[in-house]
Amino acid sequence: MLEVDHRQGSACPPVQAAHRGAQMTRFGVLAARFFCVLVSSILVSSILVSFVFLVAVPAHAAVMPAGVGSTRADEALKLAVETLTEGASTAAKVGQLSIYRARLDEALSGAIARKAPKVVGKFAATDTGTIALFQWRLLSMLEQKPEELATLSQQHANSLAWLLANPAALELFLTSGDVEGDRWGDAVRIFAEIAAADPTVLEKCDDAKSPPLALRLAIATALTHATPVRWMADGSTIDPVKRYQSFRMWEKEGVLFPSFSNLTAWELRYVVGSWSSDDDLVWARANIKPELKVRDKVGDAAHMLGYNLVNKRGVSVQEGGKFYDNKPMTLAVMLEYGGVCGAISRFGSSMSQAFGVPAMPVGQPGHCAFIWQQQPTVWAINNDISGWAESNRHDGIHITWASNDVGSAAWLIPLMQDAQRDLPNFAQSESVRHAAAFADPDDRAGVFAEACELSPCNFAAWAARFTALATPTTTKNAKSVRSTKPAAWKDTLADAAKALARQPLAFDVLLRMAEPALLPAGPSAKTSAKLRAQHAEGVARTALAMLASGADLGVTDALVRNATVRQVRELVTTATPSGAAGACAARQQAFARGEMPAAGAALCGGKSVSDALELGFGVVGVLDVAKDGAAHELWRRSVARVGRGAVLCEEFREMGLRRIESMIAALGRAGRADDARWLADRLVEAAKQLKEALPTDTRAAELEAKLAAFRASLK
């Protein structure tokens with residue numbers, strides 16, 4: 001008789017006899033045995049089916065909550081903070097992030113599409129909207145490289161899950177600047193490696209308004225070192241985990257300036273991105289001059305380095321490693337041998353970073369300078385020649401918002417700094433900017449406007465807003481049926497001028513995007529010259545207002561120059577001889593810039609020359625509003641360009657000098673003799689430049705003599 005042991009969980013249930021000691025009939029025994037075998041077969045089959053299911057279907061599929069990893073159409077993802085954090089965390093841990101992202105796409109589209117811009121803005125600025133959109137943003141960037149996402153999911157699933165499920169950390173990760181080459185997968189990997197080495201990174205990270213230093217430093221290091229940072233001494237890669245650990249240790253030891261502990265993650269990027277090794281940074285702190293060991297003077301340590309074109313053996317600095325006798329270019333070696341602008345600026349940057357002060361080299365025409373945070377949130381240029389307007393990103397340094405339209409201008413750094421001053425609003429602005437991807441095309445400019453209102457210095461939002469305005473969105477029979485009207489462009493430009501008053505060249509980028517809609521499409525338009533002159537004069541008035549708001553003089557002057565050059569270049573008419581329009585436009589541009597035109601090009605003629613002169617002098621007239629101060633210097637720079645252009649460009653010379661001589665006489669009558677003499681000096685300098693460029697041209701020598709005599713006649 002088959003006995004059943006309940007403790008062993010037998011497949012056969014017990015068969016109880018009516019009387020324990022009685023004999024069972026043959027039929028009863030057979031029936032019992034048949035029943036037992038039947039039940040056993042059923043249970044064995046169930047076990048086999050379960051086994052096959054477990055092998056064929058990933059174990060995690062059974063633990064996915066509804067609406068997270070499910071592909072069922074009736075299980076939509078609920079947009080709520082708790083659901084989003086739990087859903088993203090679970091999806092990351094079980095390798096279903098692509099499915100989660102798809103459900104997130106669907107949920108966000110349902111919440112945003114066909115909604116008015118203000119409604120979209122309000123949703124995106126909520127806690128729920130922000131985490132949903134930031135999750136979507138990060139996953140979208142990671143999915144651009146599926147193999148990297150797969151590796152992250154396998155090797156760093158817990159850290160990735162933590163990041164996606166922690167709203168404050170995720171927000172900080174995505175609002176601390178772009179990643180060079182969109183290498184977000186590398187950034188997440190480095191963050192995970194740092195967190196593994198220092199678990200305190202993941203502690204007390206719930207407050208977006210006050211993220212702990214460990215988290216800020218880890219994010220800064222991950223974002224910066226996503227593109228390997230090289231030691232300038234020998235080109236070897238700096239270990240990001242060790243770099244994080246070193247600055248964490250130095251902060252605890254108190255050897256950094258106290259301001260280090262208050263830096264945002266974005267600011268910290270320009271500390272941990274130092275091209276010096278950790279040993280070099282220790283050396284810097286030990287060897288700086290004592291009087292420079294303060295926050296607002298540490299950048300001047302750059303000038304501890306001697307300016308040497310050759311070393312003691314006569315080897316030129318242009319020989320590279322030979323100049324340093326092939327020694328690794330450590331800070332100690334640089335101090336011993338000296339160098340030129342590049343070495344001085346790299347030395348100054350490293351000395352600043354050694355004390356926890358953000359800094360970086362920048363390129364200028366034929367020169368290398370560096371910028372550093374001389375005071376909290378205030379950047380300055382050191383070892384400078386050309387100022388902010390002509391400073392650009394140095395190779396090996398990443399600047400957020402750099403693009404084909406903007407270039408890699410150094411002024412993007414103080415602009416981002418302004419945005420970072422109000423990090424909570426900047427984060428909300430970024431959330432709204434990402435929401436525009438789900439908005440109807442006709443509404444996107446309005447959504448971007450909401451983002452600009454939240455954070456007026458969010459340049460990415462401004463650029464996207466202007467792009468949306470310039471892009472026809474609704475078509476009928478392949479033709480656009482909607483375009484932004486000039487009045488709307490003007491209103492938007494007015495908003496941008498106010499918001500970006502301290503960054504005129506940021507405004508200039510947007511202005512270039514708007515000008516095709518505001519000005520005549522063709523140079524033959526009858527009203528072209530008048531409208532372009534009015535436009536350039538309007539920009540000059542805007543520049544004066546920006547200067548009064550505290551904008552840098554050199555950057556403000558660059559706005560005036562750029563706008564004037566663009567309009568003067570476009571004044572070339574259809575009357576220009578066939579094939580010469582391009583050369584003529586280039587010559588008119590040279591006039592507006594006050595530069596020597598290219599030799600051998602056909603001269604411009606006709607109305608375009610007189611129109612260009614009128615436009616240039618019109619701008620000068622608008623700027624002549626003060627007898628001293630920054631506005632007066634802005635006028636001087638503008639009138640000097642017109643004067644040099646009139647001397648250096650032959651077709652502008654006769655008419656232009658006549659106008660300038662009349663201006664000089666008027667200045668004298670108005671009691672501005674100093675300005676009159678100053679302007680005459682600029683004309684003489686330009687004439688000397690012309691004679692040097694054309695040594696065999698007797699007319700150039702005659703012009704110099706004439707202008708020198710004119711200058712001598714002024715009392």
# chains A, B, ... in the order shown; residues from 1 in each chain; ligands from 1
>>> residues_around(residues="A:Asp624", least_positions_apart="4", cutoff="9 Å", atoms="only C-alpha atoms", output="JSON, numbers by chain")
{"A": [619, 620, 631, 632, 634, 635, 636]}
>>> write_last_selection(atoms="all heavy atoms", output="tab-separated table (two decimals), in the first residue's frame")
chain	number	residue	atom	x	y	z
A	619	VAL	N	25.03	104.75	-36.56
A	619	VAL	CA	25.30	104.02	-35.31
A	619	VAL	C	26.17	104.87	-34.39
A	619	VAL	O	25.93	104.96	-33.18
A	619	VAL	CB	25.97	102.67	-35.61
A	619	VAL	CG1	26.50	102.03	-34.33
A	619	VAL	CG2	24.99	101.73	-36.30
A	620	VAL	N	27.19	105.51	-34.96
A	620	VAL	CA	28.07	106.37	-34.17
A	620	VAL	C	27.26	107.48	-33.51
A	620	VAL	O	27.46	107.81	-32.34
A	620	VAL	CB	29.18	106.96	-35.06
A	620	VAL	CG1	29.91	108.09	-34.33
A	620	VAL	CG2	30.17	105.86	-35.46
A	631	ALA	N	29.88	104.50	-21.57
A	631	ALA	CA	29.16	104.83	-22.80
A	631	ALA	C	30.02	105.65	-23.74
A	631	ALA	O	29.98	105.48	-24.97
A	631	ALA	CB	27.87	105.58	-22.46
A	632	HIS	N	30.82	106.56	-23.18
A	632	HIS	CA	31.71	107.37	-24.01
A	632	HIS	C	32.77	106.50	-24.67
A	632	HIS	O	33.10	106.68	-25.85
A	632	HIS	CB	32.38	108.45	-23.15
A	632	HIS	CG	33.31	109.33	-23.91
A	632	HIS	ND1	34.67	109.29	-23.75
A	632	HIS	CD2	33.06	110.28	-24.86
A	632	HIS	CE1	35.24	110.18	-24.55
A	632	HIS	NE2	34.28	110.79	-25.23
A	634	LEU	N	32.40	103.37	-25.42
A	634	LEU	CA	31.72	102.60	-26.45
A	634	LEU	C	31.61	103.42	-27.74
A	634	LEU	O	31.82	102.90	-28.84
A	634	LEU	CB	30.32	102.20	-25.96
A	634	LEU	CG	29.50	101.29	-26.87
A	634	LEU	CD1	30.20	99.94	-27.06
A	634	LEU	CD2	28.09	101.08	-26.31
A	635	TRP	N	31.29	104.70	-27.61
A	635	TRP	CA	31.24	105.59	-28.78
A	635	TRP	C	32.61	105.68	-29.44
A	635	TRP	O	32.74	105.60	-30.66
A	635	TRP	CB	30.77	106.98	-28.36
A	635	TRP	CG	30.97	108.01	-29.43
A	635	TRP	CD1	30.17	108.24	-30.51
A	635	TRP	CD2	32.04	108.96	-29.53
A	635	TRP	NE1	30.68	109.26	-31.29
A	635	TRP	CE2	31.82	109.71	-30.70
A	635	TRP	CE3	33.16	109.24	-28.76
A	635	TRP	CZ2	32.69	110.74	-31.11
A	635	TRP	CZ3	34.03	110.24	-29.15
A	635	TRP	CH2	33.79	110.98	-30.31
A	636	ARG	N	33.65	105.86	-28.64
A	636	ARG	CA	35.00	105.98	-29.20
A	636	ARG	C	35.38	104.75	-30.02
A	636	ARG	O	35.95	104.85	-31.10
A	636	ARG	CB	36.02	106.19	-28.07
A	636	ARG	CG	36.13	107.63	-27.59
A	636	ARG	CD	37.37	107.81	-26.72
A	636	ARG	NE	37.69	109.22	-26.54
A	636	ARG	CZ	38.83	109.66	-26.01
A	636	ARG	NH1	39.74	108.77	-25.59
A	636	ARG	NH2	39.07	110.95	-25.88
>>> residues_around(residues="A:Met596", least_positions_apart="6", cutoff="10 Å", atoms="only C-alpha atoms", output="PyMOL selection string")
chain A and resi 587+590+644-645+647-650+686+689-690+693
>>> residues_around(residues="stretch 509-519 of chain A", least_positions_apart="6", cutoff="9 Å", atoms="only C-alpha atoms", output="PDB file with N, CA, C and O atoms, in the first residue's frame")
ATOM      1  N   ASP A 405      26.043  77.415 -33.767  1.00  0.00           N
ATOM      2  CA  ASP A 405      25.540  78.791 -33.826  1.00  0.00           C
ATOM      3  C   ASP A 405      26.278  79.711 -32.859  1.00  0.00           C
ATOM      4  O   ASP A 405      26.551  80.864 -33.157  1.00  0.00           O
ATOM      5  N   VAL A 406      26.605  79.196 -31.699  1.00  0.00           N
ATOM      6  CA  VAL A 406      27.206  80.014 -30.646  1.00  0.00           C
ATOM      7  C   VAL A 406      28.721  79.972 -30.711  1.00  0.00           C
ATOM      8  O   VAL A 406      29.391  80.927 -30.346  1.00  0.00           O
ATOM      9  N   TRP A 462      16.343  79.838 -24.514  1.00  0.00           N
ATOM     10  CA  TRP A 462      16.224  80.950 -25.460  1.00  0.00           C
ATOM     11  C   TRP A 462      16.529  80.500 -26.889  1.00  0.00           C
ATOM     12  O   TRP A 462      15.805  80.851 -27.833  1.00  0.00           O
ATOM     13  N   ALA A 463      17.599  79.748 -27.052  1.00  0.00           N
ATOM     14  CA  ALA A 463      17.967  79.293 -28.392  1.00  0.00           C
ATOM     15  C   ALA A 463      16.872  78.409 -28.987  1.00  0.00           C
ATOM     16  O   ALA A 463      16.527  78.519 -30.170  1.00  0.00           O
ATOM     17  N   PHE A 466      13.868  80.614 -30.082  1.00  0.00           N
ATOM     18  CA  PHE A 466      14.075  81.319 -31.348  1.00  0.00           C
ATOM     19  C   PHE A 466      14.077  80.352 -32.528  1.00  0.00           C
ATOM     20  O   PHE A 466      13.592  80.680 -33.608  1.00  0.00           O
ATOM     21  N   THR A 467      14.608  79.167 -32.308  1.00  0.00           N
ATOM     22  CA  THR A 467      14.564  78.159 -33.375  1.00  0.00           C
ATOM     23  C   THR A 467      13.125  77.789 -33.700  1.00  0.00           C
ATOM     24  O   THR A 467      12.752  77.648 -34.876  1.00  0.00           O
ATOM     25  N   LEU A 469      10.486  79.670 -33.284  1.00  0.00           N
ATOM     26  CA  LEU A 469       9.852  80.802 -33.975  1.00  0.00           C
ATOM     27  C   LEU A 469      10.262  80.858 -35.439  1.00  0.00           C
ATOM     28  O   LEU A 469       9.472  81.270 -36.300  1.00  0.00           O
ATOM     29  N   ALA A 470      11.478  80.464 -35.726  1.00  0.00           N
ATOM     30  CA  ALA A 470      11.986  80.544 -37.094  1.00  0.00           C
ATOM     31  C   ALA A 470      11.600  79.350 -37.947  1.00  0.00           C
ATOM     32  O   ALA A 470      11.833  79.347 -39.156  1.00  0.00           O
ATOM     33  N   THR A 484       6.023  83.344 -38.052  1.00  0.00           N
ATOM     34  CA  THR A 484       6.024  84.328 -36.978  1.00  0.00           C
ATOM     35  C   THR A 484       6.029  85.731 -37.557  1.00  0.00           C
ATOM     36  O   THR A 484       6.863  86.061 -38.412  1.00  0.00           O
ATOM     37  N   LYS A 485       5.123  86.566 -37.106  1.00  0.00           N
ATOM     38  CA  LYS A 485       5.029  87.927 -37.612  1.00  0.00           C
ATOM     39  C   LYS A 485       6.142  88.789 -37.030  1.00  0.00           C
ATOM     40  O   LYS A 485       6.617  88.558 -35.914  1.00  0.00           O
ATOM     41  N   PRO A 486       6.571  89.844 -37.771  1.00  0.00           N
ATOM     42  CA  PRO A 486       7.644  90.720 -37.277  1.00  0.00           C
ATOM     43  C   PRO A 486       7.371  91.281 -35.888  1.00  0.00           C
ATOM     44  O   PRO A 486       8.290  91.414 -35.076  1.00  0.00           O
ATOM     45  N   ALA A 487       6.113  91.618 -35.594  1.00  0.00           N
ATOM     46  CA  ALA A 487       5.799  92.185 -34.280  1.00  0.00           C
ATOM     47  C   ALA A 487       6.114  91.187 -33.169  1.00  0.00           C
ATOM     48  O   ALA A 487       6.631  91.563 -32.102  1.00  0.00           O
ATOM     49  N   TRP A 489       8.373  88.800 -33.336  1.00  0.00           N
ATOM     50  CA  TRP A 489       9.829  88.738 -33.250  1.00  0.00           C
ATOM     51  C   TRP A 489      10.365  89.888 -32.398  1.00  0.00           C
ATOM     52  O   TRP A 489      11.231  89.702 -31.548  1.00  0.00           O
ATOM     53  N   LYS A 490       9.851  91.083 -32.646  1.00  0.00           N
ATOM     54  CA  LYS A 490      10.330  92.256 -31.910  1.00  0.00           C
ATOM     55  C   LYS A 490      10.029  92.137 -30.425  1.00  0.00           C
ATOM     56  O   LYS A 490      10.860  92.486 -29.577  1.00  0.00           O
ATOM     57  N   LEU A 493      12.462  89.621 -29.003  1.00  0.00           N
ATOM     58  CA  LEU A 493      13.793  90.207 -28.884  1.00  0.00           C
ATOM     59  C   LEU A 493      13.880  91.168 -27.708  1.00  0.00           C
ATOM     60  O   LEU A 493      14.897  91.225 -27.006  1.00  0.00           O
ATOM     61  N   ALA A 496      14.298  89.102 -24.693  1.00  0.00           N
ATOM     62  CA  ALA A 496      15.649  88.542 -24.625  1.00  0.00           C
ATOM     63  C   ALA A 496      16.666  89.604 -24.222  1.00  0.00           C
ATOM     64  O   ALA A 496      17.586  89.334 -23.438  1.00  0.00           O
ATOM     65  N   SER A 528      15.610  98.420 -48.318  1.00  0.00           N
ATOM     66  CA  SER A 528      16.644  97.656 -47.635  1.00  0.00           C
ATOM     67  C   SER A 528      17.571  98.543 -46.820  1.00  0.00           C
ATOM     68  O   SER A 528      17.782  98.307 -45.633  1.00  0.00           O
ATOM     69  N   LEU A 531      15.824 100.254 -43.728  1.00  0.00           N
ATOM     70  CA  LEU A 531      15.472  99.326 -42.665  1.00  0.00           C
ATOM     71  C   LEU A 531      16.715  98.780 -41.960  1.00  0.00           C
ATOM     72  O   LEU A 531      16.724  98.621 -40.742  1.00  0.00           O
ATOM     73  N   ARG A 532      17.752  98.502 -42.720  1.00  0.00           N
ATOM     74  CA  ARG A 532      18.969  97.975 -42.115  1.00  0.00           C
ATOM     75  C   ARG A 532      19.638  99.027 -41.233  1.00  0.00           C
ATOM     76  O   ARG A 532      20.170  98.703 -40.169  1.00  0.00           O
ATOM     77  N   HIS A 535      17.619  99.231 -38.092  1.00  0.00           N
ATOM     78  CA  HIS A 535      17.875  98.050 -37.272  1.00  0.00           C
ATOM     79  C   HIS A 535      19.199  98.192 -36.527  1.00  0.00           C
ATOM     80  O   HIS A 535      19.276  97.942 -35.308  1.00  0.00           O
ATOM     81  N   ALA A 563      26.546  93.532 -35.248  1.00  0.00           N
ATOM     82  CA  ALA A 563      25.288  93.924 -35.886  1.00  0.00           C
ATOM     83  C   ALA A 563      25.545  94.894 -37.035  1.00  0.00           C
ATOM     84  O   ALA A 563      24.916  94.797 -38.101  1.00  0.00           O
ATOM     85  N   ARG A 566      27.100  92.979 -40.066  1.00  0.00           N
ATOM     86  CA  ARG A 566      26.118  92.165 -40.800  1.00  0.00           C
ATOM     87  C   ARG A 566      25.270  93.023 -41.732  1.00  0.00           C
ATOM     88  O   ARG A 566      25.010  92.640 -42.881  1.00  0.00           O
TER      89      ARG A 566
END
>>> atom_distance(atom1="atom CA of A:Ala302", atom2="atom CA of A:Thr224")
23.6 Å
>>> atom_distance(atom1="atom CA of A:Met329", atom2="atom CA of A:Ala409")
27.7 Å
>>> closest_residue(among="A:Thr126, A:Gln96, A:Ser316, A:Asn158", to="A:Ala80", atoms="only C-alpha atoms")
A:Thr126
>>> select_by_dssp(residues="stretch 470-700 of chain A", states="strand (DSSP E)", output="list of chain:residue names")
A:Thr475, A:Lys476, A:Lys479, A:Ser480
>>> write_last_selection(atoms="C-alpha atoms", output="PDB file, in the first residue's frame")
ATOM      1  CA  THR A 475       2.063  73.019 -43.742  1.00  0.00           C
ATOM      2  CA  LYS A 476      -0.631  72.654 -46.349  1.00  0.00           C
ATOM      3  CA  LYS A 479       3.640  75.148 -48.211  1.00  0.00           C
ATOM      4  CA  SER A 480       3.911  76.868 -44.873  1.00  0.00           C
TER       5      SER A 480
END
>>> select_by_dssp(residues="stretch 147-364 of chain A", states="alpha helix (DSSP H)", output="number ranges by chain")
A: 147-155, 157-165, 167-174, 184-197, 213-225, 240-253, 265-272, 278-287, 331-337, 341-354
>>> write_last_selection(atoms="C-alpha atoms", output="short mmCIF file (atom, residue, chain, number, x, y, z; two decimals), in the first residue's frame")
data_model
loop_
_atom_site.label_atom_id
_atom_site.label_comp_id
_atom_site.auth_asym_id
_atom_site.auth_seq_id
_atom_site.Cartn_x
_atom_site.Cartn_y
_atom_site.Cartn_z
CA GLU A 147 25.33 48.72 -25.77
CA GLU A 148 26.41 51.14 -23.04
CA LEU A 149 22.97 51.06 -21.44
CA ALA A 150 23.08 47.27 -21.43
CA THR A 151 26.48 47.35 -19.73
CA LEU A 152 25.25 49.82 -17.14
CA SER A 153 22.22 47.66 -16.43
CA GLN A 154 24.43 44.63 -15.90
CA GLN A 155 27.29 46.18 -13.91
CA ALA A 157 22.07 48.42 -11.92
CA ASN A 158 21.71 49.46 -8.28
CA SER A 159 23.44 52.83 -8.74
CA LEU A 160 21.47 53.54 -11.89
CA ALA A 161 18.26 52.58 -10.08
CA TRP A 162 19.17 54.87 -7.18
CA LEU A 163 19.89 57.80 -9.51
CA LEU A 164 16.63 57.42 -11.44
CA ALA A 165 14.62 57.05 -8.23
CA PRO A 167 14.56 63.20 -7.64
CA ALA A 168 17.09 65.56 -6.05
CA ALA A 169 20.13 63.67 -7.33
CA LEU A 170 18.66 63.16 -10.80
CA GLU A 171 17.84 66.86 -11.01
CA LEU A 172 21.38 67.83 -10.04
CA PHE A 173 22.86 65.34 -12.50
CA LEU A 174 20.95 66.90 -15.38
CA TRP A 184 26.15 60.22 -20.53
CA GLY A 185 26.73 56.50 -20.19
CA ASP A 186 30.32 57.13 -19.13
CA ALA A 187 29.13 59.80 -16.71
CA VAL A 188 26.69 57.39 -15.04
CA ARG A 189 29.36 54.69 -14.90
CA ILE A 190 31.88 56.98 -13.19
CA PHE A 191 29.22 58.17 -10.76
CA ALA A 192 28.49 54.54 -9.88
CA GLU A 193 32.19 53.80 -9.38
CA ILE A 194 32.58 56.80 -7.09
CA ALA A 195 29.50 55.77 -5.09
CA ALA A 196 30.91 52.26 -4.75
CA ALA A 197 34.15 53.69 -3.37
CA LEU A 213 29.05 68.13 -0.92
CA ALA A 214 29.75 64.43 -1.53
CA LEU A 215 26.93 64.25 -4.06
CA ARG A 216 27.87 67.53 -5.75
CA LEU A 217 31.51 66.50 -6.00
CA ALA A 218 30.68 63.03 -7.31
CA ILE A 219 28.38 64.42 -10.01
CA ALA A 220 30.90 67.09 -10.99
CA THR A 221 33.64 64.49 -11.33
CA ALA A 222 31.44 62.08 -13.29
CA LEU A 223 30.24 64.70 -15.78
CA THR A 224 33.69 66.18 -16.33
CA HIS A 225 35.67 62.95 -16.55
CA PRO A 240 38.25 60.15 -11.72
CA VAL A 241 37.62 58.09 -8.56
CA LYS A 242 40.98 59.07 -7.09
CA ARG A 243 40.38 62.68 -8.12
CA TYR A 244 37.08 62.66 -6.22
CA GLN A 245 38.69 61.03 -3.19
CA SER A 246 41.55 63.53 -3.13
CA PHE A 247 39.33 66.61 -3.10
CA ARG A 248 37.03 64.98 -0.56
CA MET A 249 40.03 64.32 1.70
CA TRP A 250 41.50 67.81 1.18
CA GLU A 251 38.17 69.40 2.08
CA LYS A 252 38.04 67.41 5.32
CA GLU A 253 41.63 68.36 6.09
CA ALA A 265 28.22 70.75 -8.94
CA TRP A 266 28.62 72.80 -12.13
CA GLU A 267 31.24 75.06 -10.53
CA LEU A 268 33.07 72.04 -9.10
CA ARG A 269 33.52 70.71 -12.64
CA TYR A 270 36.17 73.40 -13.24
CA VAL A 271 38.05 72.32 -10.12
CA VAL A 272 38.09 68.53 -10.52
CA ASP A 278 47.01 65.25 -7.35
CA ASP A 279 50.71 65.42 -6.42
CA ASP A 280 51.07 68.62 -8.45
CA LEU A 281 48.11 70.18 -6.65
CA VAL A 282 49.67 69.31 -3.30
CA TRP A 283 52.92 70.91 -4.50
CA ALA A 284 51.02 74.03 -5.55
CA ARG A 285 49.58 74.57 -2.08
CA ALA A 286 53.02 74.13 -0.53
CA ASN A 287 54.85 76.46 -2.92
CA LEU A 331 54.15 72.52 -12.01
CA ALA A 332 57.57 72.41 -10.36
CA VAL A 333 59.31 72.02 -13.72
CA MET A 334 57.20 74.81 -15.23
CA LEU A 335 58.20 77.12 -12.38
CA GLU A 336 61.85 76.24 -12.90
CA TYR A 337 61.89 76.80 -16.67
CA CYS A 341 51.32 82.52 -22.42
CA GLY A 342 50.22 78.87 -22.52
CA ALA A 343 52.41 77.79 -19.64
CA ILE A 344 51.55 80.87 -17.58
CA SER A 345 47.80 80.34 -18.02
CA ARG A 346 47.94 76.62 -17.26
CA PHE A 347 50.04 77.32 -14.19
CA GLY A 348 47.59 79.97 -12.98
CA SER A 349 44.62 77.67 -13.55
CA SER A 350 46.24 74.84 -11.59
CA MET A 351 47.28 77.08 -8.71
CA SER A 352 43.66 78.23 -8.40
CA GLN A 353 42.24 74.71 -8.63
CA ALA A 354 44.70 73.47 -5.99
#
>>> atom_distance(atom1="atom CA of A:Lys118", atom2="atom CA of A:Asp495")
17.3 Å
>>> closest_residue(among="A:Asp418, A:Ala436, A:Lys297, A:Ala91", to="A:Asn382", atoms="only C-alpha atoms")
A:Lys297
>>> residues_around(residues="stretch 545-548 of chain A", least_positions_apart="3", cutoff="9 Å", atoms="only C-alpha atoms", output="ChimeraX atom specification")
/A:497-498,500-504,540-542,551-553,556,630-631,634
>>> closest_residue(among="A:Met360, A:Leu305, A:Ser549, A:Asp557", to="A:Glu390", atoms="only C-alpha atoms")
A:Asp557
>>> residues_around(residues="stretch 659-662 of chain A", least_positions_apart="3", cutoff="9 Å", atoms="only C-alpha atoms", output="count of residues only")
14
>>> residues_around(residues="A:Leu603", least_positions_apart="3", cutoff="12 Å", atoms="only C-alpha atoms", output="PyMOL selection string")
chain A and resi 572+576-577+580-588+591+597-600+606+608-609+649-653
>>> residues_around(residues="A:Ala435", least_positions_apart="6", cutoff="8 Å", atoms="only C-alpha atoms", output="PyMOL selection string")
chain A and resi 112+120-121+124+133+447
>>> write_last_selection(atoms="C-alpha atoms", output="CSV table (one decimal), in the first residue's frame")
chain,number,residue,atom,x,y,z
A,112,ILE,CA,1.4,67.2,-22.6
A,120,VAL,CA,2.5,72.4,-20.1
A,121,GLY,CA,4.7,74.7,-18.1
A,124,ALA,CA,6.5,70.3,-16.1
A,133,LEU,CA,10.8,64.5,-17.7
A,447,VAL,CA,6.5,76.3,-24.0
